[in-house]
Each structure stands twice: as structure tokens, then as C-alpha cells.
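Student: Right, I'll just put the structure down here and ask away after.
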Amino acid sequence: MNARKVILDCDPGIDDALALMLALSLPGLDVVGITVVCGNVPVEKGVKNALKILELMNRTEIPVYAGEARPLVRPYVDAMDTHGEDGLGEAGFPDPSVSCSSQDAVSFLADRLSAEEELSVIALGPMTNLARLLERSPEAFARIQELVSMGGTYKSHGNCSPVAEYNYWCDPDAAAKVYEAYASMPELSGKQIHMIGLDVTRKIVLTPNLIEYMKRIHPVLGGKIEAITRFYLDFHWQQEGIIGCVTNDPLAVAYFADRSLCSGFDAYTAVETEGISYGQTLVDAYDFWKKPHNSYILTETDPFRFWLLFCCQVLGGDESAVRHIFSQILTEEVPA
Ligand code: BDR
Ligand code: CA
């Protein structure tokens, strides 16, 4: 079977970096480009970080495109308190020796989607690039084969307010536009946004034990993962009172590659853009409004199988050996 073509739209970002590492390691994925949006860090820093990860993974042939520098309407709020000043946990990665493409991310998305028969997008940051694509070229936008988005929450609490998750909170107007397009554009009828929200990603916790084991499987990459996640671990201890860090973005990549990793239900979803609950995903789970089901809301996942995939594909672990160690260190279900 041919590898599936995909564009990663991201804001690296510690967990974006882990997601890129996973995407670049999966034989079933053909990453045709990386588009960067302002989010965790300003877009120029995000571009640098994407290039740093490509260098680490020896994949600098993949082009990187700089995207939108500001949300559609709201003032831009970064997440450097979570990801460090450099966005990669202040791990001291060397500056990349390659640079990004001169084409902007939105034109790249428009050109490539118009040219390819089957091209999907995994969105790991605020949806600003995608909303601009929708404005500039709705025909190209409608050609996205599948859109998997890390963002939002259904029943889980938010991470930027009691009800809002960062990617949609950072640019609620963009997320609202994209979700509404999936409910109203005839060209998108029958398609849904696969929403990998905090309900599932909070179950994917990278613990110190797991990091220790990763270093034993692959000292170089395991060491880099330890370096970039230390800051994130400290943040989670302060903010969420857990030992370990929630690794949101890699689950979206893993789910794109293997649908059996998450399950959920389809529903109409809107994104709030105003008031104290801005950024909240309002999921009409009981079909109150009888509107087109523009989203597939993932609510269940299997952390054991996710980490198995990560350790085997990114770090080259032997499956039966990894299973054996996991039976020692991954025994507890992490509460949602
Ligand atoms: C999302 O926000 C960012 O901080 C992470 O990279 C992830 O995409 C989680 O809310
Ligand atoms: Ca992200």
C-alpha cells in the first residue's frame, strides 16, 4: 500500500516536536510539507523548531513553510510558559543549518491541495492557516482528504480556561470558521473534522519512567526527548499536579495512521468566539440542533498501544521487549 500524503500544520512546541518525530518515522505516512502557524511560539520560532527536528531526524528534504503570524481577530497569546522561551523546552538545540521555503504556508496549502488527488492535513496548532486557506481558496480547502485536528474538549476540562483548549482558545475565530465550513459547504458534505481533544490526549502521559526507558532503547533520540520535555514536566507538576506531561499532538498523528487507536462519535460542533467561554467546543452530542455532523469527536484511546507505536517506530524498539517493559511501567490507567 502506498504511504498516505499529508501536510502537518503545526506550532512547534514540545509536543508538536514529538508529533513530527512520530510522523517522520511512520512508513504509512508521506509528509509532503510542514506548515507553521503562530501558537505556542511566534511563527518564526516555530519554523526554526520544525527545521531543528527535521535535522535531528535527518529529513531536511521536507519543506517547511511559514504561515500566519497572528490570529484572525484576537490578540496573539503564545504558550512559552508551557513550552519554554525557545518552544523546545530550552533544551539548547543548535540553530538549524537549513532554512524554510520562500513560499508562504497558505499558498503552499492551496497549490498542493489543488494539485494532489489525495492529500490530508493534520492540524496540531491554532487553525489560523486553515481559516485563511478557506477564505482565499475554498475550492482547495474542500479538497482536504481528511482533516485531523488536535484541539478542543468534549467533557474534559480546558487547559487555558475552565472550558477551553489552547489551539482553539488561541484563535477561536479560525476554529469556528473551519468547523462551520464542515457544516455548511456543500463540497464538504459527508466529511468531518476528526477532533482529537483533551478527552483523549490527557490519557497520553509521558512519565519519567517512560523517558528513562526511551533512553535505553535509543540513547540519542531518547536523550533529546528527555531534554525537550523536562520543562514540560515541570510545568505539568505546577499546573496540573501530575508527574509526567500530557503529549497531545502525537496522538493526532498516531490516530491518522491507525484509526483503531481512538474511538468516539459524530456530532455537530461549534466553537465559541465570545465571552468568558471563548475557545470552548460546544459538542451537540444529543443532536439537539439537528445540524449536519461536522465532527468526529474522539473520546477513548489506548495509551499502551500509543506508546508501543511510538517506542517501536520512533526509537526502533523491539515490540516484544517493549511490551515486556510496559507491563512493568504502564500498569495504571491515567484518569481523564
Ligand atoms: C495544544 O496546545 C499546545 O500547547 C500543544 O502543542 C497542543 O497542540 C494542547 O492544548
Ligand atoms: Ca501544537
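Residue numbering restarts at 1 in every chain; chains get A, B, ... in the order shown in the C-alpha cells, and ligands count up from 1 in that same order.
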Counting only C-alpha atoms and all ligand atoms, what residues are within 9 Å of ligand 2, given as a list in words?
Tutor: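 The residues within 9 Å of ligand 2, counting only C-alpha atoms and all ligand atoms, are Asp9, Cys10, Asp11, Pro12, Gly13, Ile14, Asp15, Asp16, Ala17, Ala19, Gly39, Asn40, Ala123, Leu124, Gly125, Pro126, Met150, Gly151, Tyr166, Asn167, Asn248 and Asp249 of chain A.
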Student: How would the residues just chosen look if you wrote them out with N, CA, C and O atoms as a short mmCIF file (atom, residue, chain, number, x, y, z; two decimals), in the first residue's frame?
Tutor:
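New file part21.cif:
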```
data_model
loop_
_atom_site.label_atom_id
_atom_site.label_comp_id
_atom_site.auth_asym_id
_atom_site.auth_seq_id
_atom_site.Cartn_x
_atom_site.Cartn_y
_atom_site.Cartn_z
N ASP A 9 0.36 20.77 9.87
CA ASP A 9 0.22 22.20 10.15
C ASP A 9 0.43 22.34 11.67
O ASP A 9 -0.37 21.82 12.45
N CYS A 10 1.49 23.03 12.08
CA CYS A 10 1.86 22.91 13.50
C CYS A 10 2.46 24.20 14.05
O CYS A 10 2.69 25.17 13.32
N ASP A 11 2.72 24.18 15.37
CA ASP A 11 3.28 25.35 16.06
C ASP A 11 4.35 24.87 17.06
O ASP A 11 4.18 25.03 18.27
N PRO A 12 5.43 24.27 16.57
CA PRO A 12 6.34 23.57 17.50
C PRO A 12 7.06 24.51 18.47
O PRO A 12 7.74 25.42 18.06
N GLY A 13 6.90 24.25 19.73
CA GLY A 13 6.07 23.35 20.51
C GLY A 13 6.72 21.98 20.82
O GLY A 13 7.17 21.29 19.93
N ILE A 14 6.76 21.67 22.16
CA ILE A 14 7.36 20.42 22.60
C ILE A 14 6.58 19.22 22.07
O ILE A 14 7.17 18.30 21.47
N ASP A 15 5.27 19.20 22.27
CA ASP A 15 4.53 18.01 21.81
C ASP A 15 4.40 17.97 20.30
O ASP A 15 4.32 16.90 19.70
N ASP A 16 4.42 19.14 19.64
CA ASP A 16 4.48 19.15 18.17
C ASP A 16 5.78 18.48 17.72
O ASP A 16 5.78 17.74 16.72
N ALA A 17 6.87 18.76 18.43
CA ALA A 17 8.16 18.18 18.05
C ALA A 17 8.07 16.65 18.14
O ALA A 17 8.53 15.94 17.23
N ALA A 19 5.36 14.94 17.85
CA ALA A 19 4.45 14.51 16.78
C ALA A 19 5.19 14.46 15.43
O ALA A 19 4.99 13.54 14.64
N GLY A 39 1.46 30.13 17.48
CA GLY A 39 0.72 29.40 18.51
C GLY A 39 1.60 29.33 19.73
O GLY A 39 1.90 30.37 20.34
N ASN A 40 2.09 28.16 20.04
CA ASN A 40 2.95 28.02 21.22
C ASN A 40 4.05 29.08 21.23
O ASN A 40 4.40 29.62 22.27
N ALA A 123 -3.70 18.96 11.76
CA ALA A 123 -3.52 20.30 12.34
C ALA A 123 -3.18 20.16 13.81
O ALA A 123 -3.96 19.62 14.59
N LEU A 124 -2.00 20.66 14.17
CA LEU A 124 -1.51 20.49 15.55
C LEU A 124 -1.40 21.81 16.29
O LEU A 124 -0.86 21.85 17.40
N GLY A 125 -1.89 22.86 15.66
CA GLY A 125 -1.82 24.19 16.28
C GLY A 125 -3.13 24.91 16.07
O GLY A 125 -4.13 24.33 15.62
N PRO A 126 -3.16 26.22 16.38
CA PRO A 126 -4.35 27.02 16.07
C PRO A 126 -4.69 26.90 14.58
O PRO A 126 -3.80 26.68 13.76
N MET A 150 -5.84 18.38 16.39
CA MET A 150 -5.68 18.32 17.84
C MET A 150 -6.22 19.62 18.38
O MET A 150 -5.69 20.70 18.09
N GLY A 151 -7.27 19.51 19.19
CA GLY A 151 -7.84 20.71 19.77
C GLY A 151 -9.19 20.41 20.40
O GLY A 151 -9.77 19.35 20.18
N TYR A 166 -6.02 25.08 24.33
CA TYR A 166 -5.19 26.16 23.79
C TYR A 166 -5.38 26.43 22.29
O TYR A 166 -5.53 27.58 21.89
N ASN A 167 -5.33 25.40 21.44
CA ASN A 167 -5.32 25.66 19.99
C ASN A 167 -6.57 26.43 19.55
O ASN A 167 -6.48 27.35 18.72
N ASN A 248 -0.09 15.88 23.75
CA ASN A 248 -1.30 15.99 22.92
C ASN A 248 -1.10 15.63 21.45
O ASN A 248 -1.78 14.77 20.91
N ASP A 249 -0.17 16.36 20.81
CA ASP A 249 -0.12 16.32 19.35
C ASP A 249 0.24 14.96 18.74
O ASP A 249 -0.32 14.60 17.69
#
```
Student: May I have the residues within 9 Å of Arg70 (chain A) as a PyMOL selection string, using only C-alpha atoms and disregarding those fewer than 6 positions away in the same chain?
Tutor: chain A and resi 37-39+42-43+76+128+171
Student: Take the residues just selected and output them with N, CA and C atoms as a tab-separated table (two decimals), in the first residue's frame.
Tutor:
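Saved as part.tsv:
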```
chain	number	residue	atom	x	y	z
A	37	VAL	N	2.31	27.79	12.04
A	37	VAL	CA	1.37	28.86	12.38
A	37	VAL	C	1.79	29.44	13.74
A	38	CYS	N	1.43	30.67	14.02
A	38	CYS	CA	1.73	31.19	15.35
A	38	CYS	C	0.85	30.47	16.37
A	39	GLY	N	1.46	30.13	17.48
A	39	GLY	CA	0.72	29.40	18.51
A	39	GLY	C	1.60	29.33	19.73
A	42	PRO	N	5.92	32.36	18.53
A	42	PRO	CA	5.73	33.13	17.30
A	42	PRO	C	6.18	32.30	16.09
A	43	VAL	N	5.60	32.61	14.92
A	43	VAL	CA	5.76	31.72	13.78
A	43	VAL	C	7.23	31.51	13.37
A	76	TYR	N	-2.69	38.01	19.79
A	76	TYR	CA	-1.96	36.74	19.88
A	76	TYR	C	-1.43	36.51	21.30
A	128	THR	N	-5.43	28.99	12.28
A	128	THR	CA	-5.36	30.24	11.52
A	128	THR	C	-4.97	30.02	10.05
A	171	ASP	N	-6.99	30.90	18.74
A	171	ASP	CA	-7.68	31.53	17.61
A	171	ASP	C	-9.08	30.92	17.45
```
Student: In Å, rounded to a single decimal, give me how far CA of Gly152 (chain A) is from CA of Glu240 (chain A).
Tutor: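 A separation of 17.5 Å between them.
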Student: Write out as a ChimeraX atom specification all residues of region 128-326 of chain A that DSSP puts in strand (DSSP E or B) for this structure's backbone.
Tutor: /A:144-150,193-196,205-206,245-246,262-271,281-284,295-301
Student: Write the selection just made, keeping N, CA and C atoms, as an mmCIF file, in the first residue's frame?
Tutor:
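Result file is part10.cif:
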```
data_model
loop_
_atom_site.group_PDB
_atom_site.id
_atom_site.type_symbol
_atom_site.label_atom_id
_atom_site.label_comp_id
_atom_site.auth_asym_id
_atom_site.auth_seq_id
_atom_site.Cartn_x
_atom_site.Cartn_y
_atom_site.Cartn_z
ATOM 1 N N ILE A 144 -9.205 18.910 0.920
ATOM 2 C CA ILE A 144 -8.503 18.197 2.002
ATOM 3 C C ILE A 144 -9.171 16.826 2.143
ATOM 4 N N GLN A 145 -8.380 15.784 1.966
ATOM 5 C CA GLN A 145 -8.989 14.448 2.005
ATOM 6 C C GLN A 145 -9.536 14.149 3.406
ATOM 7 N N GLU A 146 -8.679 14.311 4.406
ATOM 8 C CA GLU A 146 -9.128 14.165 5.796
ATOM 9 C C GLU A 146 -8.455 15.234 6.626
ATOM 10 N N LEU A 147 -9.200 15.803 7.550
ATOM 11 C CA LEU A 147 -8.638 16.794 8.464
ATOM 12 C C LEU A 147 -8.702 16.240 9.881
ATOM 13 N N VAL A 148 -7.519 16.011 10.446
ATOM 14 C CA VAL A 148 -7.441 15.589 11.846
ATOM 15 C C VAL A 148 -6.916 16.793 12.615
ATOM 16 N N SER A 149 -7.646 17.193 13.648
ATOM 17 C CA SER A 149 -7.223 18.380 14.389
ATOM 18 C C SER A 149 -7.035 18.060 15.860
ATOM 19 N N MET A 150 -5.839 18.384 16.387
ATOM 20 C CA MET A 150 -5.678 18.317 17.838
ATOM 21 C C MET A 150 -6.223 19.623 18.384
ATOM 22 N N ILE A 193 -14.443 16.826 10.654
ATOM 23 C CA ILE A 193 -13.150 17.086 11.305
ATOM 24 C C ILE A 193 -12.980 16.026 12.388
ATOM 25 N N HIS A 194 -11.861 15.346 12.366
ATOM 26 C CA HIS A 194 -11.583 14.365 13.418
ATOM 27 C C HIS A 194 -10.981 15.136 14.591
ATOM 28 N N MET A 195 -11.750 15.283 15.653
ATOM 29 C CA MET A 195 -11.304 16.124 16.775
ATOM 30 C C MET A 195 -10.626 15.296 17.869
ATOM 31 N N ILE A 196 -9.307 15.419 17.880
ATOM 32 C CA ILE A 196 -8.513 14.772 18.931
ATOM 33 C C ILE A 196 -8.374 15.815 20.038
ATOM 34 N N VAL A 205 0.173 10.288 28.785
ATOM 35 C CA VAL A 205 1.084 10.996 29.695
ATOM 36 C C VAL A 205 2.488 10.377 29.610
ATOM 37 N N LEU A 206 3.438 11.240 29.283
ATOM 38 C CA LEU A 206 4.837 10.802 29.225
ATOM 39 C C LEU A 206 5.436 10.955 30.630
ATOM 40 N N CYS A 245 4.050 14.469 31.528
ATOM 41 C CA CYS A 245 3.457 15.542 30.718
ATOM 42 C C CYS A 245 2.487 14.975 29.694
ATOM 43 N N VAL A 246 1.399 15.718 29.506
ATOM 44 C CA VAL A 246 0.367 15.329 28.538
ATOM 45 C C VAL A 246 0.933 15.600 27.142
ATOM 46 N N CYS A 262 -8.117 5.263 18.546
ATOM 47 C CA CYS A 262 -9.094 6.105 19.256
ATOM 48 C C CYS A 262 -10.487 5.784 18.726
ATOM 49 N N SER A 263 -11.483 6.007 19.567
ATOM 50 C CA SER A 263 -12.853 5.859 19.079
ATOM 51 C C SER A 263 -13.699 6.992 19.658
ATOM 52 N N GLY A 264 -14.862 7.199 19.046
ATOM 53 C CA GLY A 264 -15.710 8.299 19.515
ATOM 54 C C GLY A 264 -17.054 8.291 18.826
ATOM 55 N N PHE A 265 -17.581 9.472 18.579
ATOM 56 C CA PHE A 265 -18.920 9.571 17.973
ATOM 57 C C PHE A 265 -18.954 10.820 17.102
ATOM 58 N N ASP A 266 -19.912 10.855 16.176
ATOM 59 C CA ASP A 266 -20.003 12.046 15.342
ATOM 60 C C ASP A 266 -21.115 12.976 15.833
ATOM 61 N N ALA A 267 -20.900 14.259 15.616
ATOM 62 C CA ALA A 267 -21.819 15.273 16.146
ATOM 63 C C ALA A 267 -21.578 16.602 15.434
ATOM 64 N N TYR A 268 -22.529 17.501 15.612
ATOM 65 C CA TYR A 268 -22.301 18.885 15.196
ATOM 66 C C TYR A 268 -21.514 19.584 16.306
ATOM 67 N N THR A 269 -20.485 20.293 15.928
ATOM 68 C CA THR A 269 -19.692 21.037 16.914
ATOM 69 C C THR A 269 -19.529 22.485 16.465
ATOM 70 N N ALA A 270 -19.695 23.408 17.405
ATOM 71 C CA ALA A 270 -19.431 24.827 17.142
ATOM 72 C C ALA A 270 -18.349 25.292 18.112
ATOM 73 N N VAL A 271 -17.661 26.361 17.743
ATOM 74 C CA VAL A 271 -16.631 26.896 18.635
ATOM 75 C C VAL A 271 -17.065 28.289 19.080
ATOM 76 N N THR A 281 -15.350 24.238 22.741
ATOM 77 C CA THR A 281 -16.041 23.468 21.707
ATOM 78 C C THR A 281 -17.386 23.035 22.273
ATOM 79 N N LEU A 282 -18.426 23.449 21.591
ATOM 80 C CA LEU A 282 -19.778 23.101 22.024
ATOM 81 C C LEU A 282 -20.222 21.908 21.167
ATOM 82 N N VAL A 283 -20.168 20.737 21.759
ATOM 83 C CA VAL A 283 -20.446 19.497 21.021
ATOM 84 C C VAL A 283 -21.903 19.108 21.247
ATOM 85 N N ASP A 284 -22.676 19.088 20.166
ATOM 86 C CA ASP A 284 -24.110 18.757 20.275
ATOM 87 C C ASP A 284 -24.265 17.224 20.247
ATOM 88 N N SER A 295 -18.234 16.920 12.780
ATOM 89 C CA SER A 295 -17.053 16.483 13.538
ATOM 90 C C SER A 295 -17.189 15.048 14.009
ATOM 91 N N TYR A 296 -16.047 14.438 14.160
ATOM 92 C CA TYR A 296 -15.983 13.113 14.776
ATOM 93 C C TYR A 296 -15.180 13.310 16.055
ATOM 94 N N ILE A 297 -15.842 13.162 17.193
ATOM 95 C CA ILE A 297 -15.253 13.519 18.494
ATOM 96 C C ILE A 297 -14.645 12.276 19.122
ATOM 97 N N LEU A 298 -13.349 12.267 19.280
ATOM 98 C CA LEU A 298 -12.684 11.089 19.846
ATOM 99 C C LEU A 298 -12.701 11.168 21.378
ATOM 100 N N THR A 299 -13.162 10.096 21.985
ATOM 101 C CA THR A 299 -13.315 10.112 23.449
ATOM 102 C C THR A 299 -12.544 9.001 24.153
ATOM 103 N N GLU A 300 -12.171 7.968 23.402
ATOM 104 C CA GLU A 300 -11.468 6.837 24.020
ATOM 105 C C GLU A 300 -10.156 6.606 23.296
ATOM 106 N N THR A 301 -9.151 6.210 24.051
ATOM 107 C CA THR A 301 -7.890 5.828 23.420
ATOM 108 C C THR A 301 -7.185 4.775 24.273
#
```
Student: Hey, what's within 10 Å of Ile329 (chain A) if we count only C-alpha atoms and toss same-chain stuff fewer than 4 positions away? As a ChimeraX atom specification, please?
Tutor: /A:207,209-210,213,323-325
Student: Write a file of the just-selected residues containing all heavy atoms, as an mmCIF file, in the first residue's frame.
Tutor:
```
data_model
loop_
_atom_site.group_PDB
_atom_site.id
_atom_site.type_symbol
_atom_site.label_atom_id
_atom_site.label_comp_id
_atom_site.auth_asym_id
_atom_site.auth_seq_id
_atom_site.Cartn_x
_atom_site.Cartn_y
_atom_site.Cartn_z
ATOM 1 N N THR A 207 5.776 9.830 31.229
ATOM 2 C CA THR A 207 6.254 9.850 32.621
ATOM 3 C C THR A 207 7.785 9.742 32.665
ATOM 4 O O THR A 207 8.411 9.290 31.693
ATOM 5 C CB THR A 207 5.663 8.654 33.393
ATOM 6 O OG1 THR A 207 6.104 7.454 32.742
ATOM 7 C CG2 THR A 207 4.150 8.697 33.437
ATOM 8 N N ASN A 209 9.520 7.521 34.098
ATOM 9 C CA ASN A 209 9.872 6.117 33.851
ATOM 10 C C ASN A 209 9.950 5.799 32.365
ATOM 11 O O ASN A 209 10.854 5.112 31.902
ATOM 12 C CB ASN A 209 8.787 5.195 34.444
ATOM 13 C CG ASN A 209 9.216 4.627 35.765
ATOM 14 O OD1 ASN A 209 10.333 4.866 36.208
ATOM 15 N ND2 ASN A 209 8.341 3.869 36.397
ATOM 16 N N LEU A 210 8.953 6.309 31.661
ATOM 17 C CA LEU A 210 8.894 6.067 30.216
ATOM 18 C C LEU A 210 10.091 6.729 29.528
ATOM 19 O O LEU A 210 10.711 6.146 28.623
ATOM 20 C CB LEU A 210 7.562 6.634 29.715
ATOM 21 C CG LEU A 210 6.928 6.107 28.449
ATOM 22 C CD1 LEU A 210 7.028 4.603 28.327
ATOM 23 C CD2 LEU A 210 5.449 6.533 28.420
ATOM 24 N N TYR A 213 13.153 4.717 30.029
ATOM 25 C CA TYR A 213 13.170 3.543 29.156
ATOM 26 C C TYR A 213 13.503 3.949 27.709
ATOM 27 O O TYR A 213 14.268 3.271 27.020
ATOM 28 C CB TYR A 213 11.820 2.814 29.236
ATOM 29 C CG TYR A 213 11.751 1.600 28.340
ATOM 30 C CD1 TYR A 213 12.799 0.667 28.309
ATOM 31 C CD2 TYR A 213 10.654 1.378 27.505
ATOM 32 C CE1 TYR A 213 12.746 -0.442 27.464
ATOM 33 C CE2 TYR A 213 10.594 0.278 26.674
ATOM 34 C CZ TYR A 213 11.647 -0.622 26.653
ATOM 35 O OH TYR A 213 11.600 -1.707 25.814
ATOM 36 N N ARG A 323 6.815 -4.450 24.950
ATOM 37 C CA ARG A 323 5.618 -4.929 25.673
ATOM 38 C C ARG A 323 5.980 -5.409 27.070
ATOM 39 O O ARG A 323 5.271 -5.156 28.037
ATOM 40 C CB ARG A 323 4.957 -6.087 24.908
ATOM 41 C CG ARG A 323 4.106 -5.643 23.753
ATOM 42 C CD ARG A 323 3.439 -6.852 23.097
ATOM 43 N NE ARG A 323 2.659 -6.427 21.956
ATOM 44 C CZ ARG A 323 1.412 -5.963 22.027
ATOM 45 N NH1 ARG A 323 0.802 -5.905 23.200
ATOM 46 N NH2 ARG A 323 0.776 -5.568 20.958
ATOM 47 N N HIS A 324 7.101 -6.119 27.157
ATOM 48 C CA HIS A 324 7.517 -6.673 28.445
ATOM 49 C C HIS A 324 7.785 -5.546 29.463
ATOM 50 O O HIS A 324 7.294 -5.581 30.592
ATOM 51 C CB HIS A 324 8.759 -7.544 28.239
ATOM 52 C CG HIS A 324 9.341 -8.050 29.512
ATOM 53 N ND1 HIS A 324 8.675 -8.941 30.326
ATOM 54 C CD2 HIS A 324 10.504 -7.759 30.146
ATOM 55 C CE1 HIS A 324 9.407 -9.177 31.395
ATOM 56 N NE2 HIS A 324 10.526 -8.473 31.315
ATOM 57 N N ILE A 325 8.531 -4.541 29.026
ATOM 58 C CA ILE A 325 8.841 -3.430 29.956
ATOM 59 C C ILE A 325 7.565 -2.641 30.279
ATOM 60 O O ILE A 325 7.341 -2.233 31.411
ATOM 61 C CB ILE A 325 9.930 -2.497 29.360
ATOM 62 C CG1 ILE A 325 11.227 -3.272 29.125
ATOM 63 C CG2 ILE A 325 10.168 -1.292 30.258
ATOM 64 C CD1 ILE A 325 11.899 -3.818 30.382
#
```
Student: Could you name the residues that touch region 156-162 of chain A at 9 Å or less, counting only C-alpha atoms, but leaving out those on the same chain fewer than 5 positions away, as number ranges by chain?
Tutor: A: 169-170, 197-200, 202, 276-280, 336
Student: Would you put the residues from that selection into a file with all heavy atoms, as a CSV table (one decimal), in the first residue's frame?
Tutor:
```csv
chain,number,residue,atom,x,y,z
A,169,TRP,N,-8.6,28.1,21.7
A,169,TRP,CA,-8.6,29.3,22.5
A,169,TRP,C,-7.8,30.4,21.9
A,169,TRP,O,-8.1,31.6,21.9
A,169,TRP,CB,-8.2,28.9,23.9
A,169,TRP,CG,-8.0,30.0,24.9
A,169,TRP,CD1,-9.0,30.5,25.7
A,169,TRP,CD2,-6.8,30.8,25.2
A,169,TRP,NE1,-8.5,31.5,26.5
A,169,TRP,CE2,-7.2,31.7,26.2
A,169,TRP,CE3,-5.5,30.7,24.7
A,169,TRP,CZ2,-6.2,32.6,26.8
A,169,TRP,CZ3,-4.6,31.6,25.2
A,169,TRP,CH2,-4.9,32.5,26.3
A,170,CYS,N,-6.6,30.0,21.4
A,170,CYS,CA,-5.7,31.0,20.8
A,170,CYS,C,-6.3,31.7,19.6
A,170,CYS,O,-6.2,32.9,19.4
A,170,CYS,CB,-4.4,30.3,20.4
A,170,CYS,SG,-3.2,31.3,19.6
A,197,GLY,N,-9.3,15.8,21.0
A,197,GLY,CA,-9.3,16.8,22.0
A,197,GLY,C,-8.7,16.3,23.3
A,197,GLY,O,-8.1,15.2,23.4
A,198,LEU,N,-8.8,17.2,24.3
A,198,LEU,CA,-8.2,16.8,25.6
A,198,LEU,C,-8.8,15.6,26.3
A,198,LEU,O,-8.1,15.0,27.1
A,198,LEU,CB,-8.3,18.0,26.6
A,198,LEU,CG,-7.5,19.3,26.1
A,198,LEU,CD1,-7.8,20.5,27.1
A,198,LEU,CD2,-6.0,19.1,26.0
A,199,ASP,N,-10.0,15.2,25.9
A,199,ASP,CA,-10.6,14.0,26.4
A,199,ASP,C,-9.7,12.8,26.2
A,199,ASP,O,-9.5,11.9,27.0
A,199,ASP,CB,-11.9,13.7,25.8
A,199,ASP,CG,-12.9,14.9,25.9
A,199,ASP,OD1,-13.5,14.9,27.0
A,199,ASP,OD2,-12.9,15.7,25.0
A,200,VAL,N,-9.1,12.7,25.0
A,200,VAL,CA,-8.2,11.6,24.7
A,200,VAL,C,-6.7,11.9,25.0
A,200,VAL,O,-6.0,11.1,25.5
A,200,VAL,CB,-8.3,11.1,23.3
A,200,VAL,CG1,-9.4,10.1,23.2
A,200,VAL,CG2,-8.5,12.2,22.2
A,202,ARG,N,-5.3,13.8,27.2
A,202,ARG,CA,-4.9,13.7,28.7
A,202,ARG,C,-4.6,12.3,29.1
A,202,ARG,O,-4.0,12.2,30.2
A,202,ARG,CB,-6.1,14.3,29.5
A,202,ARG,CG,-6.2,15.8,29.6
A,202,ARG,CD,-7.1,16.2,30.7
A,202,ARG,NE,-7.6,17.6,30.5
A,202,ARG,CZ,-6.9,18.7,30.8
A,202,ARG,NH1,-5.7,18.6,31.3
A,202,ARG,NH2,-7.5,19.9,30.6
A,276,ILE,N,-16.8,34.7,28.3
A,276,ILE,CA,-15.9,34.0,29.2
A,276,ILE,C,-15.5,32.6,28.7
A,276,ILE,O,-14.6,32.1,29.2
A,276,ILE,CB,-16.3,34.0,30.7
A,276,ILE,CG1,-17.7,33.3,30.8
A,276,ILE,CG2,-16.3,35.4,31.3
A,276,ILE,CD1,-18.1,33.1,32.3
A,277,SER,N,-16.4,32.1,27.9
A,277,SER,CA,-16.1,30.7,27.5
A,277,SER,C,-15.5,30.6,26.1
A,277,SER,O,-15.5,29.6,25.4
A,277,SER,CB,-17.4,29.8,27.5
A,277,SER,OG,-18.3,30.4,26.7
A,278,TYR,N,-14.9,31.7,25.6
A,278,TYR,CA,-14.4,31.7,24.2
A,278,TYR,C,-13.3,30.6,24.0
A,278,TYR,O,-12.6,30.3,24.9
A,278,TYR,CB,-13.8,33.1,23.8
A,278,TYR,CG,-12.5,33.5,24.3
A,278,TYR,CD1,-11.3,33.1,23.6
A,278,TYR,CD2,-12.3,34.3,25.4
A,278,TYR,CE1,-10.1,33.4,24.1
A,278,TYR,CE2,-11.1,34.6,25.9
A,278,TYR,CZ,-10.0,34.2,25.2
A,278,TYR,OH,-8.7,34.6,25.7
A,279,GLY,N,-13.4,30.0,22.9
A,279,GLY,CA,-12.5,28.8,22.6
A,279,GLY,C,-13.1,27.5,22.9
A,279,GLY,O,-12.6,26.5,22.5
A,280,GLN,N,-14.2,27.5,23.6
A,280,GLN,CA,-14.9,26.2,24.0
A,280,GLN,C,-15.5,25.6,22.8
A,280,GLN,O,-16.1,26.2,21.9
A,280,GLN,CB,-16.0,26.5,25.0
A,280,GLN,CG,-16.7,25.2,25.4
A,280,GLN,CD,-17.8,25.4,26.5
A,280,GLN,OE1,-18.2,26.6,26.7
A,280,GLN,NE2,-18.2,24.4,27.2
A,336,ALA,N,-9.0,10.4,33.3
A,336,ALA,CA,-9.2,11.5,32.4
A,336,ALA,C,-9.4,12.8,33.1
A,336,ALA,O,-9.8,12.8,34.2
A,336,ALA,CB,-10.5,11.2,31.6
```
Student: Find the residues around Pro96 (chain A) up to 12 Å (only C-alpha atoms counted), leave out those fewer than 3 positions away in its own chain, and share them as a VMD selection string.
Tutor: chain A and resid 45 to 56 58 60 92 to 93 99 to 100
Student: Would you export the selected residues with C-alpha atoms as an mmCIF file, in the first residue's frame, please?
Tutor:
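Wrote it out as part-v5.cif, contents follow:
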```cif
data_model
loop_
_atom_site.group_PDB
_atom_site.id
_atom_site.type_symbol
_atom_site.label_atom_id
_atom_site.label_comp_id
_atom_site.auth_asym_id
_atom_site.auth_seq_id
_atom_site.Cartn_x
_atom_site.Cartn_y
_atom_site.Cartn_z
ATOM 1 C CA LYS A 45 10.467 30.416 16.188
ATOM 2 C CA GLY A 46 8.077 27.640 15.206
ATOM 3 C CA VAL A 47 9.692 27.458 11.750
ATOM 4 C CA LYS A 48 13.153 27.217 13.335
ATOM 5 C CA ASN A 49 11.941 24.439 15.607
ATOM 6 C CA ALA A 50 10.414 22.451 12.753
ATOM 7 C CA LEU A 51 13.755 22.697 10.933
ATOM 8 C CA LYS A 52 15.630 21.646 14.084
ATOM 9 C CA ILE A 53 13.505 18.497 14.320
ATOM 10 C CA LEU A 54 13.968 17.726 10.624
ATOM 11 C CA GLU A 55 17.736 17.975 11.146
ATOM 12 C CA LEU A 56 17.573 15.718 14.175
ATOM 13 C CA ASN A 58 17.863 13.608 9.009
ATOM 14 C CA THR A 60 15.729 18.121 5.761
ATOM 15 C CA GLY A 92 19.640 24.148 23.695
ATOM 16 C CA PHE A 93 19.167 22.600 20.250
ATOM 17 C CA SER A 99 16.021 27.462 6.075
ATOM 18 C CA CYS A 100 12.363 27.450 5.219
#
```
Student: Rounded to one decimal in Å, what is the spacing between CA of Phe231 (chain A) and CA of Lys203 (chain A)?
Tutor: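 Between CA of Phe231 (chain A) and CA of Lys203 (chain A) the gap works out to 19.4 Å.
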Student: Find, counting only C-alpha atoms, the residue in A:Gly223, A:Gly317, A:Pro208, A:Gly67 that gets nearest to Ile242 (chain A).
Tutor: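 Answer, going by the shortest atom-to-atom distance: A:Pro208.
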Student: I need the residues in region 200-324 of chain A that are helix (DSSP H, G or I) according to DSSP; give them as a ChimeraX atom specification.
Tutor: /A:200-201,208-217,219-240,248-257,259-261,303-313,319-324
Student: Please report the interatomic distance between CA of Leu18 (chain A) and CA of Ser114 (chain A) in Å with one decimal.
Tutor: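 Taking CA of Leu18 (chain A) and CA of Ser114 (chain A), their separation equals 29.0 Å.
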Student: Find the residue from A:Thr153, A:Asn129, A:Ser120, A:Gln238 that sits nearest to Leu72 (chain A); use only C-alpha atoms when measuring.
Tutor: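 The answer is A:Asn129, which sits nearest to Leu72 (chain A).
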